[in-house]
Amino acid sequence: MGAIGSGGSEGYESGVSEMSLRLADEFAAFGPAYTRWIRYQLRDSEVSHARMRLLGALRVGGPRIMSEISEELGVTRRNVTALVDALEEEGHVRRKSHPTDRRATLIELTDRGEESAGRLFEEHRAAVAEVFEPLPEADREELIRLLGQVRKALHHRGIPSRNPG
């Protein structure tokens, strides 16, 4: 299976530079490797990667209906339901009636969930950030700047971003 921009498209005239195609390949390879790194860092955690993502989404974005959570996390509604059921049983989230839509149910953090999400985020943020430590400080600053520009470009193309600025 080839990476994005490679294999099987030799005759395809895409209109993008070879360098941009190489960057697409690197991002395609980096994303899954980074996700595996995060999961590895969470291996001894009390919360799975999936639960951490759901807690984080609620912590950052506030209460939401399950379909919104499903879309943000890129998982099925069935998976979100299972995650919410487990987190609700543990006292981290609660279901609440939607104020304007009788058919919808909001998912929100409990006080315990807020405390856990904050603590876990801070603990694991530092552990995950270790992957960047070998880079010289100037390279890390440049990477931050460049990723911000890429995120802005995605935002301008209609892809929602938590922090478009």
# chains A, B, ... in the order shown; residues from 1 in each chain; ligands from 1

call {"tool": "residues_around", "arguments": {"residues": "His49 of chain A", "least_positions_apart": "2", "cutoff": "12 Å", "atoms": "only C-alpha atoms", "output": "list in words"}}
result
Thr35, Arg36, Trp37, Ile38, Arg39, Tyr40, Gln41, Leu42, Arg43, Asp44, Ser45, Glu46, Val47, Arg51, Met52, Arg53, Leu54, Leu55, Gly56, Leu73, Leu83, Ala117, Leu120, Phe121 and His124 of chain A

call {"tool": "write_last_selection", "arguments": {"atoms": "C-alpha atoms", "output": "compact mmCIF listing (two decimals), in the first residue's frame"}}
result
# COMPACT_ATOMS: atom_id res chain seq x y z
CA THR A 35 -0.66 8.09 17.45
CA ARG A 36 1.23 4.87 18.29
CA TRP A 37 3.66 6.96 20.39
CA ILE A 38 0.76 8.51 22.33
CA ARG A 39 -0.79 5.09 22.92
CA TYR A 40 2.57 3.79 24.11
CA GLN A 41 2.84 6.69 26.54
CA LEU A 42 -0.63 5.89 27.86
CA ARG A 43 0.02 2.14 28.23
CA ASP A 44 0.09 2.28 32.05
CA SER A 45 -2.64 4.89 32.34
CA GLU A 46 -5.95 4.40 34.08
CA VAL A 47 -7.65 5.70 30.92
CA ARG A 51 -11.38 7.65 26.58
CA MET A 52 -8.66 10.28 26.91
CA ARG A 53 -9.66 11.73 23.54
CA LEU A 54 -13.32 11.88 24.53
CA LEU A 55 -12.54 13.50 27.89
CA GLY A 56 -10.26 15.96 26.11
CA LEU A 73 -13.12 11.95 17.17
CA LEU A 83 -17.14 5.14 25.59
CA ALA A 117 -9.18 15.08 32.39
CA LEU A 120 -4.33 13.20 32.83
CA PHE A 121 -3.83 15.87 30.19
CA HIS A 124 0.54 12.77 29.50

call {"tool": "closest_residue", "arguments": {"among": "A:Glu89, A:Glu133, A:Glu108, A:Asp139", "to": "Pro63 of chain A", "atoms": "only C-alpha atoms"}}
result
A:Glu108

call {"tool": "residues_around", "arguments": {"residues": "segment 77-79 of chain A", "least_positions_apart": "4", "cutoff": "8 Å", "atoms": "only C-alpha atoms", "output": "list in words"}}
result
Met66, Ser67, Ser70 and Leu83 of chain A

call {"tool": "select_by_dssp", "arguments": {"residues": "chain A", "states": "strand (DSSP E or B)", "output": "list in words"}}
result
Arg64, Ile65, Val93, Arg94, Arg95, Lys96, Ser97, Thr105, Leu106, Ile107, Glu108 and Leu109 of chain A

call {"tool": "closest_residue", "arguments": {"among": "A:Ala86, A:Ala153, A:Ile69, A:Leu147", "to": "Phe27 of chain A", "atoms": "only C-alpha atoms"}}
result
A:Leu147

call {"tool": "select_by_dssp", "arguments": {"residues": "segment 40-155 of chain A", "states": "helix (DSSP H, G or I)", "output": "number ranges by chain"}}
result
A: 40-41, 49-61, 66-73, 77-89, 111-132, 137-155

call {"tool": "atom_distance", "arguments": {"atom1": "atom CA of Ala82 of chain A", "atom2": "atom CA of Glu114 of chain A"}}
result
19.4 Å

call {"tool": "residues_around", "arguments": {"residues": "segment 94-104 of chain A", "least_positions_apart": "2", "cutoff": "10 Å", "atoms": "only C-alpha atoms", "output": "mmCIF file with N, CA, C and O atoms, in the first residue's frame"}}
result
data_model
loop_
_atom_site.group_PDB
_atom_site.id
_atom_site.type_symbol
_atom_site.label_atom_id
_atom_site.label_comp_id
_atom_site.auth_asym_id
_atom_site.auth_seq_id
_atom_site.Cartn_x
_atom_site.Cartn_y
_atom_site.Cartn_z
ATOM 1 N N PRO A 63 -19.865 20.639 26.787
ATOM 2 C CA PRO A 63 -20.874 19.607 26.555
ATOM 3 C C PRO A 63 -21.286 19.539 25.084
ATOM 4 O O PRO A 63 -21.396 20.571 24.417
ATOM 5 N N ARG A 64 -21.504 18.310 24.612
ATOM 6 C CA ARG A 64 -21.895 18.109 23.211
ATOM 7 C C ARG A 64 -22.805 16.901 23.090
ATOM 8 O O ARG A 64 -22.797 16.022 23.942
ATOM 9 N N ILE A 65 -23.501 16.854 21.968
ATOM 10 C CA ILE A 65 -24.282 15.660 21.672
ATOM 11 C C ILE A 65 -23.343 14.616 21.064
ATOM 12 O O ILE A 65 -22.264 14.944 20.562
ATOM 13 N N MET A 66 -23.755 13.364 21.145
ATOM 14 C CA MET A 66 -22.876 12.272 20.726
ATOM 15 C C MET A 66 -22.471 12.351 19.261
ATOM 16 O O MET A 66 -21.340 12.009 18.929
ATOM 17 N N SER A 67 -23.366 12.797 18.390
ATOM 18 C CA SER A 67 -23.000 12.871 16.969
ATOM 19 C C SER A 67 -21.862 13.866 16.742
ATOM 20 O O SER A 67 -20.995 13.651 15.900
ATOM 21 N N VAL A 84 -18.993 6.567 26.248
ATOM 22 C CA VAL A 84 -19.780 7.370 27.195
ATOM 23 C C VAL A 84 -20.357 6.474 28.276
ATOM 24 O O VAL A 84 -20.328 6.834 29.460
ATOM 25 N N ASP A 85 -20.868 5.304 27.905
ATOM 26 C CA ASP A 85 -21.405 4.376 28.910
ATOM 27 C C ASP A 85 -20.350 4.057 29.966
ATOM 28 O O ASP A 85 -20.622 4.098 31.171
ATOM 29 N N LEU A 87 -17.491 5.726 30.681
ATOM 30 C CA LEU A 87 -17.091 6.919 31.433
ATOM 31 C C LEU A 87 -18.189 7.371 32.391
ATOM 32 O O LEU A 87 -17.902 7.888 33.481
ATOM 33 N N GLU A 88 -19.438 7.159 32.008
ATOM 34 C CA GLU A 88 -20.550 7.518 32.897
ATOM 35 C C GLU A 88 -20.566 6.576 34.102
ATOM 36 O O GLU A 88 -20.748 7.020 35.244
ATOM 37 N N GLU A 89 -20.339 5.296 33.850
ATOM 38 C CA GLU A 89 -20.304 4.325 34.947
ATOM 39 C C GLU A 89 -19.192 4.650 35.942
ATOM 40 O O GLU A 89 -19.342 4.447 37.146
ATOM 41 N N GLU A 90 -18.078 5.198 35.442
ATOM 42 C CA GLU A 90 -16.944 5.562 36.300
ATOM 43 C C GLU A 90 -17.110 6.938 36.949
ATOM 44 O O GLU A 90 -16.257 7.364 37.727
ATOM 45 N N GLY A 91 -18.184 7.650 36.573
ATOM 46 C CA GLY A 91 -18.442 8.951 37.177
ATOM 47 C C GLY A 91 -17.711 10.116 36.524
ATOM 48 O O GLY A 91 -17.638 11.197 37.104
ATOM 49 N N HIS A 92 -17.209 9.925 35.304
ATOM 50 C CA HIS A 92 -16.472 10.991 34.624
ATOM 51 C C HIS A 92 -17.363 11.885 33.754
ATOM 52 O O HIS A 92 -17.028 13.054 33.533
ATOM 53 N N LEU A 106 -27.162 15.757 25.791
ATOM 54 C CA LEU A 106 -25.821 16.312 25.913
ATOM 55 C C LEU A 106 -24.965 15.414 26.798
ATOM 56 O O LEU A 106 -25.461 14.831 27.765
ATOM 57 N N ILE A 107 -23.699 15.336 26.459
ATOM 58 C CA ILE A 107 -22.722 14.638 27.287
ATOM 59 C C ILE A 107 -21.830 15.719 27.881
ATOM 60 O O ILE A 107 -21.316 16.572 27.158
ATOM 61 N N GLU A 108 -21.672 15.699 29.178
ATOM 62 C CA GLU A 108 -20.827 16.694 29.837
ATOM 63 C C GLU A 108 -19.956 16.034 30.892
ATOM 64 O O GLU A 108 -20.273 14.962 31.401
ATOM 65 N N LEU A 109 -18.847 16.692 31.194
ATOM 66 C CA LEU A 109 -17.954 16.214 32.241
ATOM 67 C C LEU A 109 -18.578 16.452 33.611
ATOM 68 O O LEU A 109 -19.211 17.487 33.833
ATOM 69 N N THR A 110 -18.374 15.527 34.502
ATOM 70 C CA THR A 110 -18.713 15.742 35.905
ATOM 71 C C THR A 110 -17.517 16.453 36.541
ATOM 72 O O THR A 110 -16.470 16.619 35.902
ATOM 73 N N GLY A 113 -14.795 14.066 36.361
ATOM 74 C CA GLY A 113 -14.276 13.969 35.001
ATOM 75 C C GLY A 113 -13.401 15.157 34.640
ATOM 76 O O GLY A 113 -12.367 15.009 33.988
#

call {"tool": "atom_distance", "arguments": {"atom1": "atom CA of Arg140 of chain A", "atom2": "atom CA of Val60 of chain A"}}
result
24.2 Å
